[in-house]
$ cat target-v3.cif   # mmCIF, C-alpha atoms and all ligand atoms
data_my_file
#
loop_
_atom_site.label_atom_id
_atom_site.label_comp_id
_atom_site.auth_asym_id
_atom_site.auth_seq_id
_atom_site.Cartn_x
_atom_site.Cartn_y
_atom_site.Cartn_z
CA MET M 1 0.00 0.00 0.00
CA ASN M 2 1.31 3.45 -0.84
CA ALA M 3 2.32 5.74 2.01
CA LEU M 4 0.65 8.65 0.28
CA GLU M 5 -1.74 9.17 -2.64
CA VAL M 6 -2.32 12.67 -3.93
CA ALA M 7 -4.96 12.68 -6.67
CA ASP M 8 -5.86 15.71 -8.74
CA VAL M 9 -5.43 18.20 -5.90
CA SER M 10 -6.02 21.89 -6.67
CA PHE M 11 -6.14 24.69 -4.13
CA SER M 12 -6.70 28.45 -4.30
CA TYR M 13 -6.34 31.27 -1.81
CA GLY M 14 -9.19 33.43 -3.06
CA ALA M 15 -8.32 34.16 -6.66
CA ARG M 16 -4.72 32.98 -6.27
CA ARG M 17 -4.15 29.44 -7.47
CA ALA M 18 -1.54 27.72 -5.28
CA LEU M 19 -1.85 24.10 -6.49
CA GLU M 20 -3.04 22.97 -9.89
CA GLN M 21 -4.14 19.35 -10.41
CA VAL M 22 -1.30 17.78 -8.47
CA SER M 23 -1.16 13.97 -8.51
CA PHE M 24 1.53 11.59 -7.25
CA SER M 25 1.97 8.59 -5.01
CA LEU M 26 4.73 7.67 -2.58
CA ALA M 27 5.82 4.08 -2.17
CA PRO M 28 6.50 3.09 1.44
CA GLY M 29 9.98 3.37 2.93
CA ARG M 30 11.38 5.88 0.45
CA PHE M 31 12.96 9.28 0.97
CA SER M 32 11.12 11.71 -1.28
CA ALA M 33 12.22 15.29 -1.84
CA LEU M 34 9.44 17.76 -2.59
CA LEU M 35 11.44 20.37 -4.44
CA GLY M 36 10.42 23.76 -5.65
CA PRO M 37 11.37 27.42 -5.45
CA ASN M 38 9.68 29.68 -2.91
CA GLY M 39 6.01 30.08 -3.74
CA ALA M 40 5.82 26.76 -5.62
CA GLY M 41 3.09 25.40 -3.34
CA LYS M 42 5.02 23.08 -1.00
CA SER M 43 3.67 24.50 2.27
CA THR M 44 0.16 24.56 0.86
CA LEU M 45 0.39 20.86 0.06
CA ILE M 46 1.64 20.14 3.58
CA ALA M 47 -1.15 22.29 5.06
CA LEU M 48 -3.69 20.19 3.15
CA LEU M 49 -2.07 16.93 4.25
CA THR M 50 -2.17 17.99 7.89
CA ARG M 51 -5.72 19.33 7.53
CA LEU M 52 -4.77 22.87 8.39
CA TYR M 53 -6.80 23.70 5.30
CA ASP M 54 -9.72 21.75 3.92
CA LEU M 55 -9.38 20.14 0.53
CA GLN M 56 -11.14 22.11 -2.20
CA GLN M 57 -10.60 19.63 -5.00
CA GLY M 58 -9.05 16.20 -5.31
CA GLU M 59 -8.33 13.40 -2.89
CA LEU M 60 -5.59 12.61 -0.36
CA GLN M 61 -4.93 9.23 1.18
CA VAL M 62 -2.38 8.37 3.85
CA CYS M 63 -1.56 4.64 4.08
CA GLY M 64 -4.85 3.85 2.38
CA HIS M 65 -6.99 6.12 4.57
CA SER M 66 -8.86 8.97 2.95
CA LEU M 67 -8.18 12.27 4.66
CA ARG M 68 -11.71 13.36 3.88
CA GLN M 69 -13.55 10.22 4.99
CA GLN M 70 -11.23 8.74 7.63
CA PRO M 71 -9.31 11.73 8.95
CA ARG M 72 -8.40 10.16 12.30
CA GLN M 73 -6.95 7.02 10.78
CA ALA M 74 -5.14 9.04 8.12
CA LEU M 75 -3.63 11.53 10.60
CA ARG M 76 -2.64 8.68 12.92
CA GLN M 77 -0.14 7.61 10.24
CA LEU M 78 1.37 11.08 9.86
CA GLY M 79 4.20 12.75 11.74
CA VAL M 80 4.87 16.39 10.94
CA VAL M 81 7.74 18.81 11.43
CA PHE M 82 6.53 22.29 10.49
CA GLN M 83 8.71 25.04 9.09
CA GLN M 84 8.38 27.16 12.22
CA SER M 85 9.48 25.45 15.41
CA THR M 86 6.77 25.07 18.04
CA LEU M 87 8.97 23.88 20.89
CA ASP M 88 8.79 25.66 24.24
CA LEU M 89 12.31 27.00 24.68
CA ASP M 90 12.04 27.21 28.46
CA LEU M 91 10.99 23.60 28.96
CA SER M 92 13.45 20.73 28.87
CA VAL M 93 13.61 18.36 25.91
CA GLU M 94 11.79 15.72 27.93
CA GLN M 95 9.11 18.13 29.19
CA ASN M 96 8.35 19.23 25.63
CA LEU M 97 7.82 15.62 24.60
CA ARG M 98 5.74 14.78 27.69
CA TYR M 99 3.55 17.80 27.13
CA HIS M 100 2.92 16.76 23.53
CA ALA M 101 2.11 13.17 24.54
CA ALA M 102 -0.32 14.37 27.22
CA LEU M 103 -2.04 16.70 24.75
CA HIS M 104 -2.58 13.71 22.50
CA GLY M 105 -4.03 11.62 25.29
CA MET M 106 -1.16 9.14 25.42
CA PRO M 107 -1.15 7.21 28.72
CA ARG M 108 1.77 8.25 30.96
CA LYS M 109 3.55 4.92 31.03
CA LEU M 110 3.38 4.48 27.28
CA ALA M 111 4.53 8.10 26.83
CA ALA M 112 7.54 7.53 29.11
CA GLU M 113 8.53 4.41 27.13
CA ARG M 114 8.13 6.11 23.77
CA ILE M 115 10.04 9.19 24.91
CA ASP M 116 12.99 7.04 26.06
CA GLN M 117 12.89 5.15 22.79
CA GLU M 118 12.73 8.25 20.59
CA LEU M 119 15.38 10.18 22.46
CA ALA M 120 17.74 7.23 22.10
CA ARG M 121 16.90 6.91 18.41
CA GLN M 122 17.54 10.63 17.83
CA HIS M 123 20.81 10.43 19.85
CA LEU M 124 19.42 12.93 22.33
CA GLY M 125 19.41 10.82 25.49
CA GLU M 126 22.07 12.92 27.18
CA ARG M 127 20.28 16.18 26.44
CA ARG M 128 16.90 15.17 27.84
CA ARG M 129 17.06 17.43 30.90
CA ASP M 130 18.50 20.42 29.03
CA LYS M 131 16.25 23.33 28.20
CA VAL M 132 15.54 23.51 24.47
CA ARG M 133 16.98 27.04 24.55
CA GLU M 134 20.41 25.52 25.26
CA LEU M 135 20.32 23.30 22.15
CA ASN M 136 21.68 24.25 18.74
CA GLY M 137 19.37 24.44 15.73
CA GLY M 138 20.14 20.93 14.50
CA HIS M 139 19.40 19.37 17.88
CA ARG M 140 16.18 21.36 18.21
CA ARG M 141 15.07 19.91 14.90
CA ARG M 142 15.84 16.43 16.19
CA VAL M 143 13.65 17.06 19.22
CA GLU M 144 10.87 17.99 16.80
CA ILE M 145 11.47 14.79 14.84
CA ALA M 146 11.35 12.77 18.08
CA ARG M 147 8.08 14.48 18.94
CA ALA M 148 6.64 13.84 15.47
CA LEU M 149 7.50 10.13 15.77
CA LEU M 150 6.15 9.53 19.30
CA HIS M 151 2.92 8.00 18.03
CA HIS M 152 4.79 5.75 15.53
CA PRO M 153 3.51 7.18 12.25
CA ARG M 154 4.44 5.55 8.93
CA LEU M 155 4.95 8.81 7.03
CA LEU M 156 7.06 11.74 8.21
CA LEU M 157 6.46 15.15 6.59
CA LEU M 158 9.07 17.87 7.02
CA ASP M 159 8.51 21.38 5.68
CA GLU M 160 11.87 23.05 4.95
CA PRO M 161 13.40 21.55 8.10
CA SER M 162 16.90 22.79 7.35
CA VAL M 163 16.07 26.50 7.11
CA GLY M 164 18.31 28.48 9.44
CA LEU M 165 20.82 25.66 9.98
CA ASP M 166 24.50 26.00 9.11
CA PRO M 167 25.70 23.72 6.28
CA ALA M 168 27.21 21.09 8.59
CA SER M 169 24.07 20.81 10.77
CA ARG M 170 21.95 20.72 7.63
CA GLN M 171 23.89 17.76 6.24
CA ALA M 172 23.88 15.99 9.62
CA LEU M 173 20.11 16.39 9.90
CA ILE M 174 19.39 15.12 6.43
CA GLN M 175 21.70 12.13 6.88
CA HIS M 176 19.95 11.37 10.14
CA VAL M 177 16.52 11.37 8.51
CA ARG M 178 17.79 9.27 5.59
CA GLN M 179 19.01 6.73 8.09
CA LEU M 180 15.58 6.56 9.78
CA CYS M 181 14.16 5.89 6.36
CA ARG M 182 16.72 3.15 5.57
CA ASP M 183 16.77 1.45 8.96
CA GLU M 184 13.14 1.68 9.96
CA GLY M 185 11.28 1.71 6.68
CA LEU M 186 9.81 5.12 7.49
CA SER M 187 8.43 7.01 4.48
CA VAL M 188 9.70 10.57 4.32
CA LEU M 189 8.48 13.61 2.42
CA TRP M 190 11.11 16.35 2.78
CA ALA M 191 10.06 19.71 1.34
CA THR M 192 12.89 22.01 0.33
CA HIS M 193 13.91 24.73 -2.10
CA LEU M 194 17.53 23.56 -1.81
CA LEU M 195 18.40 21.17 -4.56
CA ASP M 196 21.59 19.95 -2.92
CA GLU M 197 19.45 18.24 -0.27
CA ALA M 198 18.31 15.70 -2.89
CA GLN M 199 20.38 12.66 -3.88
CA ALA M 200 20.41 10.32 -6.86
CA GLU M 201 18.62 7.52 -4.95
CA ASP M 202 15.71 9.75 -3.88
CA VAL M 203 12.28 10.11 -5.33
CA LEU M 204 11.88 13.67 -6.61
CA LEU M 205 8.66 15.65 -6.81
CA VAL M 206 9.30 18.97 -8.51
CA LEU M 207 6.70 21.69 -7.99
CA ASN M 208 6.73 24.97 -9.86
CA HIS M 209 3.97 27.59 -9.79
CA GLY M 210 1.62 25.05 -8.21
CA ARG M 211 2.17 22.38 -10.86
CA LEU M 212 4.03 19.12 -10.47
CA ILE M 213 6.44 19.35 -13.38
CA ALA M 214 8.44 16.17 -12.72
CA GLN M 215 8.18 13.13 -10.51
CA GLY M 216 10.10 9.87 -10.16
CA ASP M 217 13.56 8.59 -9.34
CA ALA M 218 16.11 11.38 -9.30
CA ALA M 219 18.46 9.29 -11.43
CA ALA M 220 15.82 8.94 -14.16
CA ILE M 221 14.84 12.61 -14.04
CA SER M 222 18.46 13.71 -14.46
CA GLN M 223 19.38 11.09 -17.03
CA GLN M 224 19.28 13.47 -19.99
CA ASP M 225 21.45 15.89 -17.98
CA ASP M 226 24.16 13.23 -17.40
CA GLY M 227 22.95 12.71 -13.84
CA ASP M 228 23.42 16.37 -12.96
CA LEU M 229 20.44 17.16 -10.71
CA ASN M 230 21.14 20.88 -10.77
CA ALA M 231 21.03 20.96 -14.57
CA ALA M 232 17.84 18.88 -14.55
CA PHE M 233 16.20 21.22 -12.06
CA GLN M 234 17.18 24.29 -14.05
CA ARG M 235 15.91 22.73 -17.24
CA LEU M 236 12.63 21.86 -15.55
CA THR M 237 11.99 25.13 -13.77
CA GLN M 238 13.96 27.34 -16.16
CA LEU M 239 15.38 29.15 -13.18
CA LYS M 240 18.98 30.24 -13.07
CA ASP M 241 19.48 29.50 -9.41
CA CYS M 242 17.26 27.54 -7.10
CA ALA M 243 19.15 28.16 -3.88
P1 LIG M 301 6.17 27.27 -0.89
O1 LIG M 301 5.92 26.55 0.39
O2 LIG M 301 6.61 26.38 -1.99
O3 LIG M 301 7.09 28.45 -0.72
P2 LIG M 301 3.42 28.21 -0.61
O4 LIG M 301 2.57 26.99 -0.54
O5 LIG M 301 3.75 28.91 0.67
O6 LIG M 301 4.77 27.84 -1.41
O7 LIG M 301 2.74 29.27 -1.57
C1 LIG M 301 2.14 28.93 -2.81
C2 LIG M 301 1.43 30.15 -3.37
O8 LIG M 301 0.32 30.49 -2.54
C3 LIG M 301 2.31 31.41 -3.43
O9 LIG M 301 1.92 32.13 -4.57
C4 LIG M 301 1.92 32.15 -2.16
O10 LIG M 301 2.11 33.54 -2.32
C5 LIG M 301 0.45 31.79 -2.03
N1 LIG M 301 0.01 31.77 -0.62
C6 LIG M 301 0.52 30.99 0.37
N2 LIG M 301 -0.15 31.19 1.53
C7 LIG M 301 -1.10 32.12 1.26
C8 LIG M 301 -2.12 32.74 2.04
N3 LIG M 301 -2.31 32.44 3.34
N4 LIG M 301 -2.91 33.66 1.42
C9 LIG M 301 -2.75 33.94 0.12
N5 LIG M 301 -1.82 33.39 -0.68
C10 LIG M 301 -0.99 32.49 -0.11
#
$ encode --input "target-v3.cif" --output "structure tokens"
Amino acid sequence: MNALEVADVSFSYGARRALEQVSFSLAPGRFSALLGPNGAGKSTLIALLTRLYDLQQGELQVCGHSLRQQPRQALRQLGVVFQQSTLDLDLSVEQNLRYHAALHGMPRKLAAERIDQELARQHLGERRRDKVRELNGGHRRRVEIARALLHHPRLLLLDEPSVGLDPASRQALIQHVRQLCRDEGLSVLWATHLLDEAQAEDVLLVLNHGRLIAQGDAAAISQQDDGDLNAAFQRLTQLKDCA
């Protein structure tokens, strides 16, 4: 079963069209890069997937559950890291996670087990009592990933998670998420305007002006550009510089 099905989705803010008949599916356990320059429609798609906005046209399914007809089951399979951090800087790492679990009605004992598990998985065990304010940007993002994975979703959505990170933290974060994908079979949709965050083994979804202009294995998409993803992206979006 696909991790995600997006079928003929269009969305407008008033008269402004943000998505135009977007369709794609994500096979489970793959790292997919949702690429597109600013304004392409990436955040709008994520807002629809998380039900921040209601669908106007088309259909979305997460792990076989329709977001319209079975929203609880669909959202149960989703973990989300939004562009803007929503961590409480004055609470510790552990308190942030406990607070989130309580808000979602997770029993205390289960929450404690999951928090231990996630902190270990995100290599944050030693920072658990530190205030989030004391963490660097990369570690804060990992706390958000731990939080997004507490309820064991099958699909992790990240909206421009590397914004504001220095190049080394950016690479460390993306390698970390790739590893979760490889080791745990998690499906990942990573939205970015930075082409160098995509790799040849990824699935690429290229959005431009609300339209999906390319989708598939990065290697296949860049084949006619001798495997050069940058050249392929420029050809597709006809932009000089995507960064
Ligand atoms: P991206 O995440 O790729 O930068 P967005 O989804 O934020 O793209 O934006 C897609 C289009 O929708 C852009 O033209 C943007 O200006 C417009 N848009 C986004 N949010 C709003 C909003 N709340 N009201 C009106 N227009 C919006």
$ closest_residue --input "target-v3.cif" --among "M:Leu55, M:Leu78, M:Leu207, M:Leu229" --to "ligand LIG 301 (chain M)" --atoms "all atoms listed in the file"
M:Leu207
$ residues_around --input "target-v3.cif" --residues "Leu204 in chain M" --least-positions-apart "6" --cutoff "9 Å" --atoms "all atoms listed in the file" --output "short mmCIF file (atom, residue, chain, number, x, y, z; two decimals) with C-alpha atoms, in the coordinates of the input"
data_model
loop_
_atom_site.label_atom_id
_atom_site.label_comp_id
_atom_site.auth_asym_id
_atom_site.auth_seq_id
_atom_site.Cartn_x
_atom_site.Cartn_y
_atom_site.Cartn_z
CA PHE M 31 12.96 9.28 0.97
CA SER M 32 11.12 11.71 -1.28
CA ALA M 33 12.22 15.29 -1.84
CA LEU M 34 9.44 17.76 -2.59
CA LEU M 35 11.44 20.37 -4.44
CA ALA M 198 18.31 15.70 -2.89
CA ALA M 214 8.44 16.17 -12.72
CA GLN M 215 8.18 13.13 -10.51
CA GLY M 216 10.10 9.87 -10.16
CA ASP M 217 13.56 8.59 -9.34
CA ALA M 218 16.11 11.38 -9.30
CA ILE M 221 14.84 12.61 -14.04
#
$ closest_residue --input "target-v3.cif" --among "M:Leu149, M:Glu144, M:Leu157, M:Gln84" --to "Arg114 in chain M" --atoms "all atoms listed in the file"
M:Leu149
$ closest_atom_pairs --input "target-v3.cif" --of "chain M" --to "ligand LIG 301 (chain M)" --cutoff "6 Å" --atoms "all atoms listed in the file" --output "CSV"
residue,atom,partner,partner_atom,distance
M:Tyr13,CA,M:LIG301,C9,4.9
M:Ala18,CA,M:LIG301,C2,4.3
M:Gly36,CA,M:LIG301,O2,5.9
M:Pro37,CA,M:LIG301,O2,6.0
M:Asn38,CA,M:LIG301,O3,3.6
M:Gly39,CA,M:LIG301,O6,3.5
M:Ala40,CA,M:LIG301,O2,3.7
M:Gly41,CA,M:LIG301,O4,3.3
M:Lys42,CA,M:LIG301,O2,3.8
M:Ser43,CA,M:LIG301,O1,3.6
M:Thr44,CA,M:LIG301,O4,3.7
$ residues_around --input "target-v3.cif" --residues "Glu20 in chain M" --least-positions-apart "5" --cutoff "6 Å" --atoms "all atoms listed in the file" --output "PyMOL selection string"
chain M and resi 10+210-211
$ closest_residue --input "target-v3.cif" --among "M:Arg17, M:Arg30, M:Arg140, M:His104" --to "Gly185 in chain M" --atoms "all atoms listed in the file"
M:Arg30
$ atom_distance --input "target-v3.cif" --atom1 "CA of Ala112 in chain M" --atom2 "CA of Leu87 in chain M"
18.4 Å
$ residues_near_point --input "target-v3.cif" --point "(-8.8, 21.9, 2.8)" --cutoff "12 Å" --atoms "only C-alpha atoms" --output "JSON, numbers by chain"
{"M": [9, 10, 11, 12, 13, 19, 44, 45, 46, 47, 48, 49, 50, 51, 52, 53, 54, 55, 56, 57, 58, 59, 60, 67, 68, 71]}
$ atom_distance --input "target-v3.cif" --atom1 "CA of Phe24 in chain M" --atom2 "CA of Asp225 in chain M"
23.0 Å
$ atom_distance --input "target-v3.cif" --atom1 "CA of Leu195 in chain M" --atom2 "CA of Ala232 in chain M"
10.3 Å
$ residues_around --input "target-v3.cif" --residues "Gln70 in chain M" --least-positions-apart "6" --cutoff "10 Å" --atoms "all atoms listed in the file" --output "ChimeraX atom specification"
/M:61-62,64
$ residues_near_point --input "target-v3.cif" --point "(2.1, -0.4, 2.8)" --cutoff "6 Å" --atoms "only C-alpha atoms" --output "list in words"
Met1, Asn2 and Pro28 of chain M
$ closest_residue --input "target-v3.cif" --among "M:Ala27, M:Gly138, M:Asn96, M:Leu194" --to "Asn230 in chain M" --atoms "all atoms listed in the file"
M:Leu194
$ residues_around --input "target-v3.cif" --residues "Leu212 in chain M" --least-positions-apart "4" --cutoff "8 Å" --atoms "all atoms listed in the file" --output "list of chain:residue names"
M:Val22, M:Ser23, M:Leu205, M:Val206, M:Leu207, M:Asn208
$ residues_around --input "target-v3.cif" --residues "Leu165 in chain M" --least-positions-apart "2" --cutoff "12 Å" --atoms "only C-alpha atoms" --output "count of residues only"
18
$ closest_residue --input "target-v3.cif" --among "M:Asp159, M:Leu89, M:Val81, M:Arg178" --to "His193 in chain M" --atoms "all atoms listed in the file"
M:Asp159
$ axis_aligned_box --input "target-v3.cif" --around "range 126-129 of chain M" --padding-each-side "8 Å" --output "lines of an AutoDock Vina configuration file"
center_x = 19.5
center_y = 15.2
center_z = 28.7
size_x = 21.2
size_y = 20.5
size_z = 20.5
$ closest_residue --input "target-v3.cif" --among "M:Leu4, M:Glu113, M:Ala15, M:Ala148" --to "Leu189 in chain M" --atoms "all atoms listed in the file"
M:Leu4
$ decode --input "target-v3.cif" --residues "range 172-184 of chain M" --atoms "all heavy atoms" --output "mmCIF file, in the first residue's frame"
data_model
loop_
_atom_site.group_PDB
_atom_site.id
_atom_site.type_symbol
_atom_site.label_atom_id
_atom_site.label_comp_id
_atom_site.auth_asym_id
_atom_site.auth_seq_id
_atom_site.Cartn_x
_atom_site.Cartn_y
_atom_site.Cartn_z
ATOM 1 N N ALA M 172 24.040 16.990 8.549
ATOM 2 C CA ALA M 172 23.879 15.987 9.617
ATOM 3 C C ALA M 172 22.405 15.627 9.774
ATOM 4 O O ALA M 172 22.045 14.454 9.910
ATOM 5 C CB ALA M 172 24.447 16.532 10.928
ATOM 6 N N LEU M 173 21.548 16.637 9.719
ATOM 7 C CA LEU M 173 20.110 16.392 9.902
ATOM 8 C C LEU M 173 19.564 15.525 8.767
ATOM 9 O O LEU M 173 18.839 14.553 8.994
ATOM 10 C CB LEU M 173 19.357 17.726 9.960
ATOM 11 C CG LEU M 173 17.859 17.587 10.193
ATOM 12 C CD1 LEU M 173 17.572 17.166 11.628
ATOM 13 C CD2 LEU M 173 17.136 18.899 9.901
ATOM 14 N N ILE M 174 19.948 15.855 7.569
ATOM 15 C CA ILE M 174 19.390 15.120 6.430
ATOM 16 C C ILE M 174 19.913 13.679 6.416
ATOM 17 O O ILE M 174 19.168 12.738 6.133
ATOM 18 C CB ILE M 174 19.613 15.876 5.095
ATOM 19 C CG1 ILE M 174 18.699 15.314 4.022
ATOM 20 C CG2 ILE M 174 21.024 15.854 4.636
ATOM 21 C CD1 ILE M 174 18.515 16.233 2.839
ATOM 22 N N GLN M 175 21.172 13.490 6.808
ATOM 23 C CA GLN M 175 21.701 12.127 6.884
ATOM 24 C C GLN M 175 20.962 11.337 7.952
ATOM 25 O O GLN M 175 20.676 10.151 7.789
ATOM 26 C CB GLN M 175 23.213 12.123 7.187
ATOM 27 C CG GLN M 175 24.084 12.610 6.044
ATOM 28 C CD GLN M 175 23.643 12.087 4.679
ATOM 29 O OE1 GLN M 175 23.160 10.969 4.540
ATOM 30 N NE2 GLN M 175 23.754 12.926 3.655
ATOM 31 N N HIS M 176 20.665 12.005 9.034
ATOM 32 C CA HIS M 176 19.954 11.365 10.140
ATOM 33 C C HIS M 176 18.566 10.884 9.674
ATOM 34 O O HIS M 176 18.168 9.743 9.930
ATOM 35 C CB HIS M 176 19.840 12.381 11.276
ATOM 36 C CG HIS M 176 19.086 11.877 12.444
ATOM 37 N ND1 HIS M 176 19.581 10.909 13.277
ATOM 38 C CD2 HIS M 176 17.859 12.180 12.916
ATOM 39 C CE1 HIS M 176 18.688 10.647 14.206
ATOM 40 N NE2 HIS M 176 17.641 11.406 14.014
ATOM 41 N N VAL M 177 17.865 11.743 8.966
ATOM 42 C CA VAL M 177 16.518 11.373 8.511
ATOM 43 C C VAL M 177 16.601 10.271 7.447
ATOM 44 O O VAL M 177 15.792 9.341 7.430
ATOM 45 C CB VAL M 177 15.745 12.614 8.007
ATOM 46 C CG1 VAL M 177 14.405 12.214 7.417
ATOM 47 C CG2 VAL M 177 15.530 13.589 9.157
ATOM 48 N N ARG M 178 17.608 10.344 6.590
ATOM 49 C CA ARG M 178 17.787 9.275 5.592
ATOM 50 C C ARG M 178 17.994 7.932 6.278
ATOM 51 O O ARG M 178 17.518 6.902 5.827
ATOM 52 C CB ARG M 178 19.007 9.557 4.715
ATOM 53 C CG ARG M 178 18.760 10.602 3.674
ATOM 54 C CD ARG M 178 20.040 10.842 2.886
ATOM 55 N NE ARG M 178 19.858 11.975 2.031
ATOM 56 C CZ ARG M 178 19.117 11.961 0.932
ATOM 57 N NH1 ARG M 178 18.541 10.854 0.546
ATOM 58 N NH2 ARG M 178 18.966 13.053 0.223
ATOM 59 N N GLN M 179 18.742 7.971 7.371
ATOM 60 C CA GLN M 179 19.006 6.730 8.091
ATOM 61 C C GLN M 179 17.727 6.147 8.707
ATOM 62 O O GLN M 179 17.515 4.937 8.668
ATOM 63 C CB GLN M 179 20.045 6.974 9.178
ATOM 64 C CG GLN M 179 20.613 5.675 9.673
ATOM 65 C CD GLN M 179 21.991 5.856 10.249
ATOM 66 O OE1 GLN M 179 22.528 6.962 10.272
ATOM 67 N NE2 GLN M 179 22.565 4.771 10.720
ATOM 68 N N LEU M 180 16.869 7.025 9.237
ATOM 69 C CA LEU M 180 15.582 6.557 9.783
ATOM 70 C C LEU M 180 14.784 5.852 8.690
ATOM 71 O O LEU M 180 14.123 4.842 8.911
ATOM 72 C CB LEU M 180 14.757 7.736 10.297
ATOM 73 C CG LEU M 180 15.210 8.420 11.570
ATOM 74 C CD1 LEU M 180 14.320 9.617 11.864
ATOM 75 C CD2 LEU M 180 15.151 7.444 12.732
ATOM 76 N N CYS M 181 14.876 6.427 7.510
ATOM 77 C CA CYS M 181 14.164 5.893 6.363
ATOM 78 C C CYS M 181 14.723 4.510 5.994
ATOM 79 O O CYS M 181 13.972 3.546 5.828
ATOM 80 C CB CYS M 181 14.390 6.901 5.236
ATOM 81 S SG CYS M 181 13.312 6.776 3.898
ATOM 82 N N ARG M 182 16.061 4.419 5.935
ATOM 83 C CA ARG M 182 16.717 3.150 5.573
ATOM 84 C C ARG M 182 16.505 2.077 6.633
ATOM 85 O O ARG M 182 16.139 0.959 6.330
ATOM 86 C CB ARG M 182 18.232 3.379 5.436
ATOM 87 C CG ARG M 182 18.708 3.600 4.021
ATOM 88 C CD ARG M 182 20.200 3.423 3.928
ATOM 89 N NE ARG M 182 20.940 4.150 4.938
ATOM 90 C CZ ARG M 182 21.365 5.409 4.805
ATOM 91 N NH1 ARG M 182 21.104 6.079 3.712
ATOM 92 N NH2 ARG M 182 22.055 5.981 5.762
ATOM 93 N N ASP M 183 16.747 2.453 7.891
ATOM 94 C CA ASP M 183 16.770 1.450 8.958
ATOM 95 C C ASP M 183 15.386 1.042 9.426
ATOM 96 O O ASP M 183 15.200 -0.056 9.909
ATOM 97 C CB ASP M 183 17.541 1.970 10.182
ATOM 98 C CG ASP M 183 18.998 2.224 9.856
ATOM 99 O OD1 ASP M 183 19.402 1.863 8.737
ATOM 100 O OD2 ASP M 183 19.709 2.782 10.711
ATOM 101 N N GLU M 184 14.429 1.955 9.342
ATOM 102 C CA GLU M 184 13.136 1.685 9.961
ATOM 103 C C GLU M 184 12.000 1.605 8.957
ATOM 104 O O GLU M 184 10.841 1.461 9.337
ATOM 105 C CB GLU M 184 12.793 2.793 10.978
ATOM 106 C CG GLU M 184 13.991 3.327 11.699
ATOM 107 C CD GLU M 184 13.988 2.976 13.164
ATOM 108 O OE1 GLU M 184 12.949 2.552 13.642
ATOM 109 O OE2 GLU M 184 15.037 3.144 13.803
#
